[in-house]
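Participant: Provided herewith: structure.cif, mmCIF, C-alpha atoms (C1' of nucleotides).
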```
data_input
loop_
_atom_site.group_PDB
_atom_site.id
_atom_site.type_symbol
_atom_site.label_atom_id
_atom_site.label_comp_id
_atom_site.auth_asym_id
_atom_site.auth_seq_id
_atom_site.Cartn_x
_atom_site.Cartn_y
_atom_site.Cartn_z
ATOM 1 C CA MET S 192 -100.778 -50.164 28.896
ATOM 2 C CA ILE S 193 -102.908 -48.198 31.319
ATOM 3 C CA LYS S 194 -104.085 -44.653 30.807
ATOM 4 C CA LYS S 195 -100.989 -42.555 30.649
ATOM 5 C CA ASP S 196 -101.929 -38.963 30.342
ATOM 6 C CA THR S 197 -105.027 -38.511 32.452
ATOM 7 C CA ILE S 198 -103.813 -39.694 35.816
ATOM 8 C CA PRO S 199 -100.282 -39.244 37.172
ATOM 9 C CA PRO S 200 -98.322 -42.416 37.953
ATOM 10 C CA VAL S 201 -98.641 -43.655 41.508
ATOM 11 C CA CYS S 202 -94.953 -44.532 41.674
ATOM 12 C CA ALA S 203 -91.805 -45.066 39.642
ATOM 13 C CA LEU S 204 -92.738 -48.615 38.710
ATOM 14 C CA ASP S 205 -96.100 -47.455 37.471
ATOM 15 C CA TYR S 206 -94.397 -44.675 35.519
ATOM 16 C CA ALA S 207 -91.953 -47.092 33.920
ATOM 17 C CA PHE S 208 -94.459 -49.766 32.971
ATOM 18 C CA ARG S 209 -96.727 -47.223 31.385
ATOM 19 C CA ARG S 210 -93.863 -46.431 29.050
ATOM 20 C CA ILE S 211 -92.674 -49.882 28.054
ATOM 21 C CA GLY S 212 -95.577 -52.121 29.037
ATOM 22 C CA GLY S 213 -97.449 -51.952 25.739
ATOM 23 C CA LYS S 214 -97.886 -55.007 23.616
ATOM 24 C CA HIS S 215 -95.023 -54.302 21.215
ATOM 25 C CA LYS S 216 -92.983 -51.588 22.881
ATOM 26 C CA ALA S 217 -90.153 -53.587 24.397
ATOM 27 C CA ARG S 218 -89.785 -55.598 21.215
ATOM 28 C CA ILE S 219 -89.598 -52.508 19.058
ATOM 29 C CA LEU S 220 -86.839 -51.014 21.203
ATOM 30 C CA TRP S 221 -85.018 -54.321 21.189
ATOM 31 C CA TYR S 222 -85.170 -54.866 17.442
ATOM 32 C CA ILE S 223 -83.965 -51.359 16.680
ATOM 33 C CA PHE S 224 -81.114 -51.780 19.126
ATOM 34 C CA LYS S 225 -80.140 -55.064 17.504
ATOM 35 C CA GLN S 226 -80.092 -53.501 14.021
ATOM 36 C CA ASP S 227 -77.292 -51.128 14.953
ATOM 37 C CA ASN S 228 -79.847 -48.713 16.345
ATOM 38 C CA VAL S 229 -81.492 -47.730 13.084
ATOM 39 C CA MET S 230 -84.609 -49.145 11.522
ATOM 40 C CA ARG S 231 -87.007 -47.846 8.937
ATOM 41 C CA TYR S 232 -90.741 -48.033 9.336
ATOM 42 C CA GLY S 233 -91.073 -50.746 6.716
ATOM 43 C CA GLU S 234 -88.355 -52.858 8.286
ATOM 44 C CA LEU S 235 -90.124 -52.777 11.619
ATOM 45 C CA LYS S 236 -93.377 -53.653 9.918
ATOM 46 C CA LYS S 237 -91.810 -56.780 8.433
ATOM 47 C CA ARG S 238 -89.979 -57.710 11.614
ATOM 48 C CA ILE S 239 -93.048 -57.518 13.807
ATOM 49 C CA GLN S 240 -95.201 -59.656 11.627
ATOM 50 C CA ASN S 241 -98.946 -59.262 12.042
ATOM 51 C CA ILE S 242 -98.822 -55.767 13.430
ATOM 52 C CA THR S 243 -101.091 -53.362 11.572
ATOM 53 C CA SER S 244 -99.693 -50.086 10.300
ATOM 54 C CA LYS S 245 -102.077 -48.261 12.583
ATOM 55 C CA MET S 246 -100.716 -50.005 15.669
ATOM 56 C CA LEU S 247 -97.124 -49.649 14.569
ATOM 57 C CA THR S 248 -97.474 -45.928 13.918
ATOM 58 C CA GLN S 249 -99.328 -45.414 17.163
ATOM 59 C CA THR S 250 -96.764 -47.310 19.197
ATOM 60 C CA LEU S 251 -93.844 -45.532 17.553
ATOM 61 C CA ARG S 252 -95.470 -42.184 18.270
ATOM 62 C CA GLU S 253 -95.876 -43.021 21.937
ATOM 63 C CA LEU S 254 -92.285 -44.136 22.241
ATOM 64 C CA GLU S 255 -91.215 -40.921 20.573
ATOM 65 C CA GLU S 256 -93.371 -38.775 22.855
ATOM 66 C CA ASP S 257 -91.894 -40.513 25.859
ATOM 67 C CA GLY S 258 -88.412 -39.695 24.664
ATOM 68 C CA LEU S 259 -87.341 -43.267 24.014
ATOM 69 C CA LEU S 260 -87.109 -43.041 20.231
ATOM 70 C CA ASN S 261 -85.801 -40.550 17.681
ATOM 71 C CA ARG S 262 -87.710 -40.139 14.463
ATOM 72 C CA LYS S 263 -85.766 -38.897 11.473
ATOM 73 C CA VAL S 264 -87.715 -37.989 8.377
ATOM 74 C CA TYR S 265 -85.940 -37.675 5.028
ATOM 75 C CA ALA S 266 -87.495 -35.167 2.671
ATOM 76 C CA GLN S 267 -87.827 -37.476 -0.290
ATOM 77 C CA VAL S 268 -90.375 -39.477 -2.212
ATOM 78 C CA PRO S 269 -91.220 -42.211 -1.584
ATOM 79 C CA PRO S 270 -90.837 -41.342 2.088
ATOM 80 C CA LYS S 271 -88.015 -42.569 4.270
ATOM 81 C CA VAL S 272 -88.238 -42.462 8.035
ATOM 82 C CA GLU S 273 -85.670 -43.854 10.388
ATOM 83 C CA TYR S 274 -86.169 -44.727 14.024
ATOM 84 C CA SER S 275 -83.385 -44.985 16.577
ATOM 85 C CA LEU S 276 -83.119 -45.193 20.349
ATOM 86 C CA THR S 277 -82.428 -42.070 22.363
ATOM 87 C CA THR S 278 -79.970 -42.187 25.243
ATOM 88 C CA THR S 279 -82.897 -42.677 27.567
ATOM 89 C CA GLY S 280 -84.200 -45.502 25.429
ATOM 90 C CA MET S 281 -80.765 -47.095 25.452
ATOM 91 C CA GLU S 282 -80.841 -47.192 29.213
ATOM 92 C CA LEU S 283 -83.715 -49.648 29.026
ATOM 93 C CA ILE S 284 -81.817 -52.136 26.910
ATOM 94 C CA PRO S 285 -80.121 -54.008 29.774
ATOM 95 C CA PHE S 286 -83.494 -54.391 31.438
ATOM 96 C CA ILE S 287 -85.132 -55.673 28.263
ATOM 97 C CA ASP S 288 -82.216 -58.007 27.716
ATOM 98 C CA HIS S 289 -82.472 -59.506 31.175
ATOM 99 C CA ILE S 290 -86.176 -59.902 31.218
ATOM 100 C CA GLY S 291 -86.014 -61.541 27.817
ATOM 101 C CA ALA S 292 -83.473 -63.996 29.186
ATOM 102 C CA TRP S 293 -85.726 -64.717 32.141
ATOM 103 C CA GLY S 294 -88.629 -65.321 29.783
ATOM 104 C CA ARG S 295 -86.580 -67.638 27.637
ATOM 105 C CA LYS S 296 -85.523 -69.662 30.647
ATOM 106 C CA GLN S 297 -89.078 -69.965 31.892
ATOM 107 C CA MET S 298 -90.375 -71.001 28.524
ATOM 108 C CA GLU S 299 -87.812 -73.755 28.364
ATOM 109 C CA LYS S 300 -88.756 -74.946 31.824
ATOM 110 C CA GLU S 301 -92.417 -74.991 30.899
ATOM 111 C CA SER S 302 -91.816 -76.953 27.738
ATOM 112 C CA GLN S 303 -90.335 -79.831 29.670
ATOM 113 C CA MET Q 189 -102.133 -57.037 29.841
ATOM 114 C CA ILE Q 190 -102.784 -58.882 26.662
ATOM 115 C CA LYS Q 191 -104.673 -62.119 26.337
ATOM 116 C CA LYS Q 192 -102.497 -64.707 27.966
ATOM 117 C CA ASP Q 193 -104.058 -68.081 27.566
ATOM 118 C CA THR Q 194 -105.647 -68.025 24.160
ATOM 119 C CA ILE Q 195 -102.639 -67.291 21.996
ATOM 120 C CA PRO Q 196 -99.073 -68.446 22.684
ATOM 121 C CA PRO Q 197 -96.463 -65.728 23.200
ATOM 122 C CA VAL Q 198 -94.641 -64.635 20.067
ATOM 123 C CA CYS Q 199 -91.324 -64.460 21.880
ATOM 124 C CA ALA Q 200 -89.651 -64.428 25.286
ATOM 125 C CA LEU Q 201 -90.273 -60.718 25.776
ATOM 126 C CA ASP Q 202 -93.926 -61.195 25.025
ATOM 127 C CA TYR Q 203 -94.033 -64.118 27.445
ATOM 128 C CA ALA Q 204 -92.360 -62.112 30.197
ATOM 129 C CA PHE Q 205 -94.464 -58.990 29.829
ATOM 130 C CA ARG Q 206 -97.645 -61.001 29.895
ATOM 131 C CA ARG Q 207 -96.578 -62.153 33.341
ATOM 132 C CA ILE Q 208 -95.476 -58.926 34.958
ATOM 133 C CA GLY Q 209 -96.981 -56.259 32.721
ATOM 134 C CA GLY Q 210 -100.295 -55.910 34.533
ATOM 135 C CA LYS Q 211 -101.226 -52.717 36.278
ATOM 136 C CA HIS Q 212 -100.214 -53.810 39.788
ATOM 137 C CA LYS Q 213 -98.142 -56.944 39.276
ATOM 138 C CA ALA Q 214 -94.625 -55.591 39.571
ATOM 139 C CA ARG Q 215 -95.619 -53.501 42.582
ATOM 140 C CA ILE Q 216 -97.148 -56.467 44.364
ATOM 141 C CA LEU Q 217 -94.016 -58.537 43.895
ATOM 142 C CA TRP Q 218 -91.890 -55.628 45.015
ATOM 143 C CA TYR Q 219 -93.882 -54.867 48.171
ATOM 144 C CA ILE Q 220 -93.924 -58.485 49.268
ATOM 145 C CA PHE Q 221 -90.199 -58.721 48.708
ATOM 146 C CA LYS Q 222 -89.637 -55.582 50.745
ATOM 147 C CA GLN Q 223 -91.703 -56.934 53.670
ATOM 148 C CA ASP Q 224 -89.333 -59.837 54.226
ATOM 149 C CA ASN Q 225 -91.167 -61.829 51.574
ATOM 150 C CA VAL Q 226 -94.430 -62.314 53.456
ATOM 151 C CA MET Q 227 -97.570 -60.269 53.227
ATOM 152 C CA ARG Q 228 -101.156 -60.962 54.087
ATOM 153 C CA TYR Q 229 -104.019 -60.108 51.783
ATOM 154 C CA GLY Q 230 -105.174 -57.258 53.967
ATOM 155 C CA GLU Q 231 -101.702 -55.764 54.203
ATOM 156 C CA LEU Q 232 -101.444 -55.693 50.425
ATOM 157 C CA LYS Q 233 -104.875 -54.154 50.196
ATOM 158 C CA LYS Q 234 -103.765 -51.290 52.435
ATOM 159 C CA ARG Q 235 -100.402 -50.877 50.744
ATOM 160 C CA ILE Q 236 -101.861 -50.644 47.257
ATOM 161 C CA GLN Q 237 -104.400 -48.019 48.101
ATOM 162 C CA ASN Q 238 -107.390 -47.727 45.779
ATOM 163 C CA ILE Q 239 -107.181 -51.263 44.473
ATOM 164 C CA THR Q 240 -110.489 -53.098 44.746
ATOM 165 C CA SER Q 241 -110.580 -56.520 46.386
ATOM 166 C CA LYS Q 242 -111.728 -57.952 43.107
ATOM 167 C CA MET Q 243 -108.671 -56.658 41.283
ATOM 168 C CA LEU Q 244 -106.307 -57.627 44.068
ATOM 169 C CA THR Q 245 -107.619 -61.169 44.242
ATOM 170 C CA GLN Q 246 -107.547 -61.515 40.481
ATOM 171 C CA THR Q 247 -103.999 -60.254 40.205
ATOM 172 C CA LEU Q 248 -102.767 -62.439 43.036
ATOM 173 C CA ARG Q 249 -104.362 -65.467 41.398
ATOM 174 C CA GLU Q 250 -102.621 -64.772 38.123
ATOM 175 C CA LEU Q 251 -99.269 -64.350 39.807
ATOM 176 C CA GLU Q 252 -99.841 -67.614 41.625
ATOM 177 C CA GLU Q 253 -100.841 -69.456 38.442
ATOM 178 C CA ASP Q 254 -97.724 -68.171 36.745
ATOM 179 C CA GLY Q 255 -95.588 -69.552 39.550
ATOM 180 C CA LEU Q 256 -94.390 -66.206 40.852
ATOM 181 C CA LEU Q 257 -96.237 -66.266 44.183
ATOM 182 C CA ASN Q 258 -96.916 -68.794 46.905
ATOM 183 C CA ARG Q 259 -100.275 -68.671 48.626
ATOM 184 C CA LYS Q 260 -100.460 -70.094 52.101
ATOM 185 C CA VAL Q 261 -103.891 -70.460 53.674
ATOM 186 C CA TYR Q 262 -104.227 -70.902 57.430
ATOM 187 C CA ALA Q 263 -107.241 -72.957 58.469
ATOM 188 C CA GLN Q 264 -108.622 -70.473 60.951
ATOM 189 C CA VAL Q 265 -111.373 -67.941 61.382
ATOM 190 C CA PRO Q 266 -111.251 -65.147 60.529
ATOM 191 C CA PRO Q 267 -109.164 -66.264 57.549
ATOM 192 C CA LYS Q 268 -105.441 -65.698 57.244
ATOM 193 C CA VAL Q 269 -103.681 -65.967 53.909
ATOM 194 C CA GLU Q 270 -100.033 -65.205 53.346
ATOM 195 C CA TYR Q 271 -98.370 -64.442 50.037
ATOM 196 C CA SER Q 272 -94.680 -64.842 49.350
ATOM 197 C CA LEU Q 273 -92.441 -64.891 46.280
ATOM 198 C CA THR Q 274 -91.383 -68.186 44.787
ATOM 199 C CA THR Q 275 -87.815 -68.695 43.614
ATOM 200 C CA THR Q 276 -88.951 -67.785 40.137
ATOM 201 C CA GLY Q 277 -90.638 -64.670 41.444
ATOM 202 C CA MET Q 278 -87.463 -63.752 43.288
ATOM 203 C CA GLU Q 279 -85.541 -63.847 40.036
ATOM 204 C CA LEU Q 280 -87.602 -60.906 38.832
ATOM 205 C CA ILE Q 281 -86.671 -58.665 41.734
ATOM 206 C CA PRO Q 282 -83.397 -57.330 40.266
ATOM 207 C CA PHE Q 283 -85.255 -56.254 37.122
ATOM 208 C CA ILE Q 284 -88.067 -54.653 38.989
ATOM 209 C CA ASP Q 285 -85.481 -52.848 41.028
ATOM 210 C CA HIS Q 286 -83.659 -51.711 37.911
ATOM 211 C CA ILE Q 287 -86.705 -50.455 36.103
ATOM 212 C CA GLY Q 288 -87.963 -48.736 39.216
ATOM 213 C CA ALA Q 289 -84.666 -46.890 39.452
ATOM 214 C CA TRP Q 290 -84.938 -45.891 35.802
ATOM 215 C CA GLY Q 291 -88.458 -44.635 36.378
ATOM 216 C CA ARG Q 292 -87.416 -42.632 39.406
ATOM 217 C CA LYS Q 293 -84.607 -40.991 37.479
ATOM 218 C CA GLN Q 294 -86.888 -40.087 34.585
ATOM 219 C CA MET Q 295 -89.519 -38.664 36.867
ATOM 220 C CA GLU Q 296 -86.940 -36.437 38.473
ATOM 221 C CA LYS Q 297 -85.724 -35.260 35.082
ATOM 222 C CA GLU Q 298 -89.266 -34.487 33.983
ATOM 223 C CA SER Q 299 -90.040 -32.505 37.101
ATOM 224 C CA GLN Q 300 -87.270 -30.041 36.364
ATOM 225 C "C1'" DG K 235 -100.359 -41.754 -18.506
ATOM 226 C "C1'" DT K 236 -99.831 -45.448 -15.423
ATOM 227 C "C1'" DA K 237 -97.669 -48.255 -12.074
ATOM 228 C "C1'" DT K 238 -94.699 -48.466 -7.968
ATOM 229 C "C1'" DA K 239 -92.732 -47.507 -3.637
ATOM 230 C "C1'" DT K 240 -93.086 -45.820 1.361
ATOM 231 C "C1'" DA K 241 -95.017 -44.186 5.412
ATOM 232 C "C1'" DG K 242 -98.462 -43.380 6.901
ATOM 233 C "C1'" DT K 243 -104.453 -41.803 8.095
ATOM 234 C "C1'" DA K 244 -109.326 -42.512 8.935
ATOM 235 C "C1'" DT K 245 -113.091 -44.928 10.602
ATOM 236 C "C1'" DC K 246 -115.298 -48.549 12.774
ATOM 237 C "C1'" DT K 247 -115.362 -52.650 15.683
ATOM 238 C "C1'" DA K 248 -113.866 -56.255 18.947
ATOM 239 C "C1'" DG K 249 -111.788 -57.695 22.962
ATOM 240 C "C1'" DA K 250 -109.386 -57.244 27.188
ATOM 241 C "C1'" DA K 251 -108.413 -55.016 31.447
ATOM 242 C "C1'" DA K 252 -110.031 -52.512 35.188
ATOM 243 C "C1'" DG K 253 -113.518 -50.436 38.321
ATOM 244 C "C1'" DG K 254 -118.058 -50.173 41.386
ATOM 245 C "C1'" DT K 255 -121.049 -51.961 44.513
ATOM 246 C "C1'" DA K 256 -122.985 -55.296 47.149
ATOM 247 C "C1'" DC K 257 -122.603 -59.573 49.488
ATOM 248 C "C1'" DT K 258 -120.704 -64.043 51.996
ATOM 249 C "C1'" DA K 259 -118.676 -67.584 55.544
ATOM 250 C "C1'" DA K 260 -117.395 -69.025 60.196
ATOM 251 C "C1'" DT K 261 -115.780 -68.191 64.559
ATOM 252 C "C1'" DG K 262 -114.831 -65.648 68.925
ATOM 253 C "C1'" DC K 263 -116.238 -62.212 71.947
ATOM 254 C "C1'" DA K 264 -119.265 -58.882 74.520
ATOM 255 C "C1'" DT I 244 -128.099 -62.447 70.339
ATOM 256 C "C1'" DG I 245 -125.564 -59.643 67.681
ATOM 257 C "C1'" DC I 246 -121.258 -57.684 66.082
ATOM 258 C "C1'" DA I 247 -116.484 -57.576 64.392
ATOM 259 C "C1'" DT I 248 -112.927 -59.761 61.711
ATOM 260 C "C1'" DT I 249 -110.608 -61.424 57.180
ATOM 261 C "C1'" DA I 250 -110.322 -62.888 52.658
ATOM 262 C "C1'" DG I 251 -112.539 -63.160 49.528
ATOM 263 C "C1'" DT I 252 -117.171 -63.693 45.342
ATOM 264 C "C1'" DA I 253 -120.681 -62.180 42.098
ATOM 265 C "C1'" DC I 254 -122.396 -59.359 38.820
ATOM 266 C "C1'" DC I 255 -122.486 -55.424 35.983
ATOM 267 C "C1'" DT I 256 -120.402 -51.361 33.709
ATOM 268 C "C1'" DT I 257 -116.780 -48.456 31.994
ATOM 269 C "C1'" DT I 258 -112.538 -47.551 29.893
ATOM 270 C "C1'" DC I 259 -108.578 -48.826 27.175
ATOM 271 C "C1'" DT I 260 -106.115 -51.285 23.932
ATOM 272 C "C1'" DA I 261 -105.830 -53.564 19.781
ATOM 273 C "C1'" DG I 262 -107.447 -55.164 15.224
ATOM 274 C "C1'" DA I 263 -109.698 -54.853 10.379
ATOM 275 C "C1'" DT I 264 -110.220 -52.591 6.298
ATOM 276 C "C1'" DA I 265 -109.873 -49.073 3.168
ATOM 277 C "C1'" DC I 266 -107.595 -45.063 1.610
ATOM 278 C "C1'" DT I 267 -103.839 -41.093 0.718
ATOM 279 C "C1'" DA I 268 -99.682 -38.269 -1.115
ATOM 280 C "C1'" DT I 269 -95.997 -37.584 -4.437
ATOM 281 C "C1'" DA I 270 -91.772 -38.215 -7.102
ATOM 282 C "C1'" DT I 271 -89.774 -41.295 -10.145
ATOM 283 C "C1'" DA I 272 -89.342 -45.050 -13.578
ATOM 284 C "C1'" DC I 273 -91.406 -47.167 -17.486
#
```
Take the structure in this file and express it as C-alpha cells.

Facilitator:
Amino acid sequence: MIKKDTIPPVCALDYAFRRIGGKHKARILWYIFKQDNVMRYGELKKRIQNITSKMLTQTLRELEEDGLLNRKVYAQVPPKVEYSLTTTGMELIPFIDHIGAWGRKQMEKESQ
Amino acid sequence: MIKKDTIPPVCALDYAFRRIGGKHKARILWYIFKQDNVMRYGELKKRIQNITSKMLTQTLRELEEDGLLNRKVYAQVPPKVEYSLTTTGMELIPFIDHIGAWGRKQMEKESQ
DNA sequence: GTATATAGTATCTAGAAAGGTACTAATGCA
DNA sequence: TGCATTAGTACCTTTCTAGATACTATATAC
C-alpha cells in the first residue's frame, strides 16, 4: 500500500507498512513459511485462490525487491520457480503470527 | 486499505490488516499510546504533520468503528475531543512496537 | 504435428484510498 | 461588533491499487 518509491517513508512504521501492508503480502510470506519455506509459483496461485497471475507476480516482485523473498529459477521447461523467505523476511514471521492471532480472536468475538 | 465492509475478510490476517493497514492508522495508535493514552484532535493533527483534517477525521472514525479507539466529546465551546485506545487497541501496541523496531533496523541497514 | 505444463506479460478498466480547498458552529473575550 | 478557538464537513480531483481478459515461450510426451 501507499506509494513506495517516490516519497521517502516518514518513519519506521511507515517504512514497514509499505513493505508488508499490501493486500496479499503478509499471507504470501506466511504461507511460504508454513510450507517449510519453499513454494512454487503455481502452489501460491492455488493457495491464494482468486488472485490473478498479474497480481501474484507483481506482489512477489515487490517482496523480492524489498529483500523479503528469494526467487530461484530453474533452467528447465516447463519453468520452475521457487520462492522462499530471506532472513529479513523470516524476522517478520513472529509479527505476522501474532497479528493473525489477534485477528482470529477479534473475529471470534465479533461472531458472538 | 482494501474495501472493508463490502466483502468479508478471507482470513484473520486479512481481517487484521484491514484494521491497521491504513496509511496513518498504526502511527495514530502509537502516538496516542505514547502520550499516556490521551490525545486531542488538534494534538494529533500537529503530530502527524501534513495530514489533512479530512483524512484525520476519517481515519479516527474508522479506528473508532473498529473498536480500537475511544472518542470522548466534551460539551463545551470551542470543542474538545479526546481520543484514547480501547483495551482491544492496546493489544495491538506490542505488534506495532515490534514492527516499528524491524522497520528502524532495516532503514539503518539500507542507509549503509 | 499437436497437446500439455508452468510461469509468467500486456493492455485496459474499475475501484479504493488519499489529497486540496473552502467552509461551518457556538461561545468567550476585547 | 468582530475576532479567535477547536473539531470538524462538503465537495471535487488525483493517485494508487487491484481486477479482467487475453496471450506467450519452449521442451517434452504422445

Participant: Could you give me chain Q least-squares fitted onto chain S (all C-alpha atoms, paired in order), as a CSV table (one decimal) with C-alpha atoms, in the frame of the given file?

Facilitator:
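The resulting result.csv:
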```csv
chain,number,residue,atom,x,y,z
Q,189,MET,CA,-101.2,-50.3,28.9
Q,190,ILE,CA,-103.0,-48.2,31.3
Q,191,LYS,CA,-104.2,-44.6,30.8
Q,192,LYS,CA,-101.1,-42.6,30.7
Q,193,ASP,CA,-101.9,-39.0,30.4
Q,194,THR,CA,-105.1,-38.5,32.4
Q,195,ILE,CA,-103.8,-39.7,35.8
Q,196,PRO,CA,-100.3,-39.3,37.2
Q,197,PRO,CA,-98.3,-42.4,37.9
Q,198,VAL,CA,-98.7,-43.7,41.5
Q,199,CYS,CA,-95.0,-44.6,41.7
Q,200,ALA,CA,-91.8,-45.1,39.6
Q,201,LEU,CA,-92.8,-48.6,38.7
Q,202,ASP,CA,-96.1,-47.5,37.5
Q,203,TYR,CA,-94.4,-44.7,35.5
Q,204,ALA,CA,-91.9,-47.1,33.9
Q,205,PHE,CA,-94.4,-49.8,33.0
Q,206,ARG,CA,-96.7,-47.2,31.4
Q,207,ARG,CA,-93.8,-46.5,29.0
Q,208,ILE,CA,-92.6,-49.9,28.1
Q,209,GLY,CA,-95.5,-52.1,29.1
Q,210,GLY,CA,-97.4,-52.0,25.8
Q,211,LYS,CA,-97.9,-55.0,23.6
Q,212,HIS,CA,-95.0,-54.3,21.2
Q,213,LYS,CA,-93.0,-51.6,22.9
Q,214,ALA,CA,-90.1,-53.6,24.4
Q,215,ARG,CA,-89.8,-55.6,21.2
Q,216,ILE,CA,-89.6,-52.5,19.1
Q,217,LEU,CA,-86.8,-51.0,21.2
Q,218,TRP,CA,-85.0,-54.3,21.2
Q,219,TYR,CA,-85.1,-54.9,17.4
Q,220,ILE,CA,-83.9,-51.4,16.7
Q,221,PHE,CA,-81.1,-51.8,19.1
Q,222,LYS,CA,-80.1,-55.1,17.5
Q,223,GLN,CA,-80.1,-53.5,14.0
Q,224,ASP,CA,-77.3,-51.1,14.9
Q,225,ASN,CA,-79.8,-48.7,16.3
Q,226,VAL,CA,-81.5,-47.7,13.1
Q,227,MET,CA,-84.6,-49.1,11.5
Q,228,ARG,CA,-87.0,-47.8,8.9
Q,229,TYR,CA,-90.7,-48.0,9.4
Q,230,GLY,CA,-91.1,-50.7,6.7
Q,231,GLU,CA,-88.3,-52.9,8.3
Q,232,LEU,CA,-90.1,-52.8,11.6
Q,233,LYS,CA,-93.4,-53.6,9.9
Q,234,LYS,CA,-91.8,-56.8,8.5
Q,235,ARG,CA,-90.0,-57.7,11.6
Q,236,ILE,CA,-93.0,-57.5,13.8
Q,237,GLN,CA,-95.2,-59.6,11.6
Q,238,ASN,CA,-99.0,-59.3,12.0
Q,239,ILE,CA,-98.8,-55.8,13.5
Q,240,THR,CA,-101.1,-53.4,11.6
Q,241,SER,CA,-99.7,-50.1,10.3
Q,242,LYS,CA,-102.1,-48.3,12.6
Q,243,MET,CA,-100.7,-50.0,15.7
Q,244,LEU,CA,-97.1,-49.7,14.6
Q,245,THR,CA,-97.5,-45.9,14.0
Q,246,GLN,CA,-99.3,-45.4,17.2
Q,247,THR,CA,-96.7,-47.3,19.2
Q,248,LEU,CA,-93.8,-45.5,17.6
Q,249,ARG,CA,-95.5,-42.2,18.3
Q,250,GLU,CA,-95.8,-43.0,22.0
Q,251,LEU,CA,-92.3,-44.1,22.3
Q,252,GLU,CA,-91.2,-40.9,20.6
Q,253,GLU,CA,-93.3,-38.8,22.9
Q,254,ASP,CA,-91.9,-40.5,25.9
Q,255,GLY,CA,-88.4,-39.7,24.7
Q,256,LEU,CA,-87.3,-43.3,24.0
Q,257,LEU,CA,-87.1,-43.0,20.2
Q,258,ASN,CA,-85.8,-40.6,17.7
Q,259,ARG,CA,-87.7,-40.2,14.5
Q,260,LYS,CA,-85.8,-38.9,11.5
Q,261,VAL,CA,-87.7,-38.0,8.4
Q,262,TYR,CA,-86.0,-37.7,5.0
Q,263,ALA,CA,-87.6,-35.2,2.7
Q,264,GLN,CA,-87.9,-37.5,-0.3
Q,265,VAL,CA,-90.4,-39.5,-2.2
Q,266,PRO,CA,-91.3,-42.2,-1.6
Q,267,PRO,CA,-90.9,-41.3,2.1
Q,268,LYS,CA,-88.0,-42.6,4.3
Q,269,VAL,CA,-88.3,-42.5,8.0
Q,270,GLU,CA,-85.7,-43.9,10.4
Q,271,TYR,CA,-86.1,-44.7,14.0
Q,272,SER,CA,-83.4,-45.0,16.6
Q,273,LEU,CA,-83.1,-45.2,20.3
Q,274,THR,CA,-82.4,-42.1,22.3
Q,275,THR,CA,-79.9,-42.2,25.2
Q,276,THR,CA,-82.9,-42.7,27.5
Q,277,GLY,CA,-84.2,-45.5,25.4
Q,278,MET,CA,-80.7,-47.1,25.4
Q,279,GLU,CA,-80.8,-47.2,29.2
Q,280,LEU,CA,-83.7,-49.6,29.0
Q,281,ILE,CA,-81.8,-52.1,26.9
Q,282,PRO,CA,-80.1,-54.0,29.8
Q,283,PHE,CA,-83.5,-54.5,31.4
Q,284,ILE,CA,-85.1,-55.7,28.3
Q,285,ASP,CA,-82.2,-58.0,27.8
Q,286,HIS,CA,-82.6,-59.3,31.3
Q,287,ILE,CA,-86.3,-59.9,31.2
Q,288,GLY,CA,-86.0,-61.5,27.8
Q,289,ALA,CA,-83.5,-63.9,29.2
Q,290,TRP,CA,-85.8,-64.7,32.2
Q,291,GLY,CA,-88.7,-65.3,29.8
Q,292,ARG,CA,-86.6,-67.6,27.6
Q,293,LYS,CA,-85.5,-69.6,30.6
Q,294,GLN,CA,-89.1,-70.0,31.9
Q,295,MET,CA,-90.4,-71.0,28.5
Q,296,GLU,CA,-87.8,-73.7,28.3
Q,297,LYS,CA,-88.8,-74.9,31.8
Q,298,GLU,CA,-92.4,-75.0,30.8
Q,299,SER,CA,-91.8,-77.0,27.7
Q,300,GLN,CA,-90.4,-79.8,29.6
```

Participant: Could you please select, counting only C-alpha atoms (C1' of nucleotides), the residues of chain I within 12 Å of chain Q and state them as JSON, numbers by chain?

Facilitator: {"I": [247, 248, 249, 250, 251, 252, 253, 254, 259, 260, 261]}

Participant: Could you take the residues named above and write them with C-alpha atoms (C1' of nucleotides), as an mmCIF file, keeping the file's coordinate frame?

Facilitator:
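Saved the output as out29.cif:
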```cif
data_model
loop_
_atom_site.group_PDB
_atom_site.id
_atom_site.type_symbol
_atom_site.label_atom_id
_atom_site.label_comp_id
_atom_site.auth_asym_id
_atom_site.auth_seq_id
_atom_site.Cartn_x
_atom_site.Cartn_y
_atom_site.Cartn_z
ATOM 1 C "C1'" DA I 247 -116.484 -57.576 64.392
ATOM 2 C "C1'" DT I 248 -112.927 -59.761 61.711
ATOM 3 C "C1'" DT I 249 -110.608 -61.424 57.180
ATOM 4 C "C1'" DA I 250 -110.322 -62.888 52.658
ATOM 5 C "C1'" DG I 251 -112.539 -63.160 49.528
ATOM 6 C "C1'" DT I 252 -117.171 -63.693 45.342
ATOM 7 C "C1'" DA I 253 -120.681 -62.180 42.098
ATOM 8 C "C1'" DC I 254 -122.396 -59.359 38.820
ATOM 9 C "C1'" DC I 259 -108.578 -48.826 27.175
ATOM 10 C "C1'" DT I 260 -106.115 -51.285 23.932
ATOM 11 C "C1'" DA I 261 -105.830 -53.564 19.781
#
```

Participant: What is the atom C1' of K:DA244-atom C1' of I:DC266 distance in Å, reported with one decimal?

Facilitator: 7.9 Å

Participant: Distance limit 12 Å, atoms considered: all atoms listed in the file. Which chain S residues sit that close to chain Q? Return them as a ChimeraX atom specification.

Facilitator: /S:192-195,199-222,238-242,257-259,278-301

Participant: Which value, in Å to one decimal, gives the distance between atom C1' of I:DG262 and atom CA of S:Gln249?

Facilitator: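 Interatomic distance here is 12.8 Å.
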
Participant: Taking only C-alpha atoms (C1' of nucleotides) into account, what are the residues of chain K at most 10 Å from chain S, put as a PyMOL selection string?

Facilitator: chain K and resi 238-244+251-252
